[in-house]
Structure formats: C-alpha cells, structure tokens
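Accompanying notes for the structure given below.
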Amino acid sequence: MPQYDTSSIFDNTIVKDNSFTLGQVWVIVSVLLAVIGGVLIYSNYLSKDKEDKYTGNQKKIYDFFNFKITIIEPIFRLLYVVCTIALTLGSFSLIGKNFFEFIGTLVFGNLALRLCFEFVLLIFNMFNNIDMINRKMPGKPKKESTEKKSKEIEETSKN
C-alpha cells in the first residue's frame with residue numbers, strides 16, 4: 001500500500017480571509033468620492049438656477065453635462081463613413097470569387113447601409129425637432145397660479 005503525503009494537500013486549501021486588498025479598498029473609496037463629487041458638482045454647477053450665469057466655454061460645458069448638446073449624431077455620421085469604406089473595400093474581395101456578388105455587395109450593400117443609417121438619423125432629427133418645438137412653446141402655468149385663479153373664479157362666481 002503506497003504512502004501519500006497529505007500535508008501538501010492541506011497546505012494549498014483556500015483560507016477565507018476577511019481582510020480587504022488594496023484594490024478593493026480603492027474601489028470603495030473611488031465610488032464614495034464619485035458619489036460625493038457628483039452630488040456636489042450637480043448641486044453647485046449644474047442646477048437649473050445657474051443656467052443663465054455661464055457664458056462662453058462654461059456655457060458649453062454646462063450644456064454638455066445637461067445633455068443640451070448631443071455628440072451621438074457626429075459620431076454616428078463618422079461611423080457611417082467608416083462602414084461605407086469598409087463595405088466597399090470588402091466587396092472587392094468578392095470580385096475574383098463571383099462578379100455578381102461583388103456588384104450586389106457594392107451597390108445593394110451600400111444602399112442598405114445608407115438606408116439603415118438614414119433611418120437612425122431620422123430618429124435623431126425627430127428628437128431635435130421635438131426639442132425645438134418644446135423650447136418654443138410657452139411654459140405651463142405653475143400650480144400656485146392655477147390654484148389662485150381657480151379661487152378667484154370661485155369668489156367672483158359667489159358674488
């Protein structure tokens with residue numbers, strides 16, 4: 001009967017330690033700092049009452065962080081150009097395999113790609129148009145003024 005050394009088996013067992021590593025502590029500290037910093041910056045810099053205070057670059061930063069400036073549309077347009085070039089160049093790899101696949105990919109692939117990107121840009125344009133309409137509409141009356149008007153109407157109707 002062979003003898004086995006069991007001491008090495010027990011030495012490699014996982015010991016559960018309740019201490020945090022430096023990386024775990026840094027994650028906790030960074031999350032806490034992010035929450036505290038986010039609340040402070042939002043309340044001191046991005047609140048609605050500060051909207052008219054900023055001009056120039058500060059106004060651009062304010063508009064950016066309040067999502068009044070969107071960056072997805074220029075990124076999407078760049079992505080369209082990159083995809084079109086990739087599809088066109090990729091279609092040339094089909095020229096030796098099958099000429100009709102090459103022509104189909106070159107023409108109809110680019111057409112389908114254009115239609116897909118135009119559909120997404122149409123949604124972006126609809127958002128921009130709705131946003132512009134909302135900005136031009138007069139503001140809704142506040143609750144207090146509505147309640148005051150209703151009380152005045154009631155009083156005049158009683159007299």
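Identifiers for the structure tokens are assigned positionally: chains receive A, B, ... in sequence, residues are indexed from 1 per chain, and ligands are indexed from 1 in the order shown.
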
Backbone DSSP call of alpha helix (DSSP H) for range 13-136 of chain A, listed as a VMD selection string: chain A and resid 22 to 44 57 to 65 72 to 91 99 to 104 110 to 136

Any idea what's packed within 12 Å of Tyr62 in chain A, counting only C-alpha atoms, ignoring anything in its chain fewer than 3 positions away? Could you give it as a list in words?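 Within the cut-off, the hits are Ile41, Tyr42, Asn44, Tyr45, Leu46, Ser47, Lys48, Asp49, Lys50, Glu51, Asp52, Lys53, Tyr54, Thr55, Gly56, Asn57, Gln58, Lys59, Phe65, Asn66, Phe67, Lys68 and Ile69 of chain A.
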
Just checking: using only C-alpha atoms, which residue out of A:Met137, A:Leu121, A:Val25, A:Ala34 ends up closest to Ile75 in chain A?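 Checking each candidate against Ile75 in chain A, we get A:Leu121 as the closest.
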
Point-to-point distance from CA of Phe127 in chain A to CA of Leu87 in chain A, Å rounded to tenths: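 Calculated distance between CA of Phe127 in chain A and CA of Leu87 in chain A is 28.9 Å.
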
For CA of Gly90 in chain A and CA of Pro74 in chain A, determine how far apart the two atoms are, in Å to one decimal place. 24.1 Å

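Distance annotation: of A:Thr21, A:Arg77, A:Pro138, A:Leu106, the residue with the minimal separation from Leu94 in chain A is A:Leu106; atom set is only C-alpha atoms.
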
From the set A:Ile133, A:Glu73, A:Val39, A:Ser91, which residue has the shortest atom-to-atom contact distance to Phe108 in chain A, counting only C-alpha atoms?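 With only C-alpha atoms as the atom set, the closest residue is A:Ser91.
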